[in-house]
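Q: Take a look at this one; I'll ask things after.
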Amino acid sequence: MLRGSASKLEAEPLITLFGMSKLKRLPAKFYHQNTFKLAKSLLGKFIVRKIGSKILIGKIVETEAYYGSKDLASHASRGKTERTKIMFGPAGTAYIYLIYGMYYCFNIVTEAKEFPAAILIRAIQPISGFKQAALNYKIKTKFNNSEFRIQNSLTNGPGKLCRALKIDKKLNGENLINSKKLFLAENPLKTNSSQIKSAKRIGVDYAGKYKDKLWRYYLKNSEFISKK
DNA sequence: CCTGGGATTTTCT
DNA sequence: GAAAATCCCAGGA
């Protein structure tokens, strides 16, 4: 199925892909769910990124919840600062920060104002518009031109998906409920809870008892997650 | 298969 | 000045 021109990264008409002619943006109400429920509800939904006349669409396959100021893994555990003030803002806002000096991470703010919480998008499945991103990636790496390896390596991590979607600090604070550049959309195919697996969050070994919380969620049959 | 280190810069102490 | 919600690659088993 990966042979010939039938690349997974080829844009298919949305009509044949989803059985719908228009992407249906997720409304404000969607974001007003408990953070953990929402982190699971996000699995299967689409991220839509518009850059000029180009459009990139990815399916969310892995998320991670950061909940409250007691969560030692959360940036908000040290209070409201210039960086973290977004997390204390309204649900449905993008929280984007630079990590390790080189990568951006994309989060969705949740919960009521003044309660700091967010969901990190850890991995997506490229659906449409990623051909150029794949070409860029091919140039930058030494993968012996293995299409399969590249397709599965383009967005399987929080830093990588931001690179592929061209998400950076300029989109910090973007309102996903009305933004034209970055928003989420419904997937007519419902995700069943039996497809979801919970796991420990990644890269938070410093977080005391919070390091073992099973606040990472992923679609267990997806080839596009960052880690099993 | 696994482990360890380097890249690179903002943020907070 | 140290650490960081990461990624990539080299080296050893």
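Note on naming: chains are A, B, ... as they come in the structure tokens, residues start from 1 per chain, ligands start from 1 in the order shown.
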With only C-alpha atoms (C1' of nucleotides) counted and 10 Å as the cut-off, give the residues of chain A in contact with chain B, each with its shortest interatomic distance in Å and the pair that gives it, as a tab-separated table.

A:
residue	atom	partner	partner_atom	distance
A:Arg78	CA	B:DC12	C1'	9.3
A:Thr81	CA	B:DC12	C1'	9.3
A:Glu82	CA	B:DT11	C1'	9.3
A:Arg83	CA	B:DT11	C1'	7.9
A:Tyr97	CA	B:DT10	C1'	9.0
A:Leu98	CA	B:DT10	C1'	7.0
A:Ile99	CA	B:DT10	C1'	8.1
A:Tyr100	CA	B:DT8	C1'	6.9
A:Gly101	CA	B:DT9	C1'	4.2
A:Met102	CA	B:DT8	C1'	5.8
A:Tyr103	CA	B:DT8	C1'	9.5

Q: Within 6 Å of A:Glu64, counting only C-alpha atoms (C1' of nucleotides), which residues show up once you throw out same-chain ones fewer than 3 positions away? Write them as a VMD selection string, please.

A: chain A and resid 119 to 120 215 to 216

Q: Please identify every residue of chain C that has at least one atom no more than 10 Å from any atom of chain A, counting only C-alpha atoms (C1' of nucleotides), and report them as a list of chain:residue names.

A: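 The answer, sorted by residue number, is C:DA3, C:DA4, C:DA5, C:DT6, C:DC7, C:DC8.
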
Q: Find the residues near A:His32: any atom within 10 Å, counting only C-alpha atoms (C1' of nucleotides), skip ones fewer than 3 places away on the same chain, and give them as a list of chain:residue names.

A: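 Contacts, in chain order: A:Pro27, A:Ala28, A:Lys29, A:Thr35, A:Leu38, A:Pro90, A:Ala91, A:Gly92, A:Thr110, A:Glu111, A:Ala112.
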
Q: Could you pull out the strand (DSSP E or B) residues of stretch 28-214 of chain A, going by DSSP on the backbone, and write them as JSON, numbers by chain?

A: {"A": [46, 47, 48, 49, 50, 51, 54, 55, 56, 57, 58, 59, 60, 61, 62, 63, 64, 65, 66, 67, 93, 94, 95, 96, 97, 98, 99, 103, 104, 105, 106, 107, 108, 109, 117, 118, 119, 120, 121, 122, 123, 124, 125, 126, 127, 128, 175, 182, 183, 184, 185, 196, 197, 198, 199]}

Q: If you count only C-alpha atoms (C1' of nucleotides), which residues fall within 12 Å of A:Ile167, apart from same-chain ones fewer than 2 positions away, as a PyMOL selection string?

A: chain A and resi 47-51+56+94-98+103-107+121+158-165+169-174+181-183

Q: Have a look at atom CA of A:Leu184 and atom CA of A:Gln33 and let me know their distance in Å, one decimal.

A: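 For atom CA of A:Leu184 relative to atom CA of A:Gln33, the distance reads 15.1 Å.
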
Q: Using Å and a single decimal, report how far atom CA of A:Ile60 sits from atom CA of A:Pro188.

A: 13.8 Å

Q: Enter the distance from atom CA of A:Ala133 to atom CA of A:Glu147, in Å, rounded to one decimal.

A: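 Computing it gives 12.6 Å between the two atoms.
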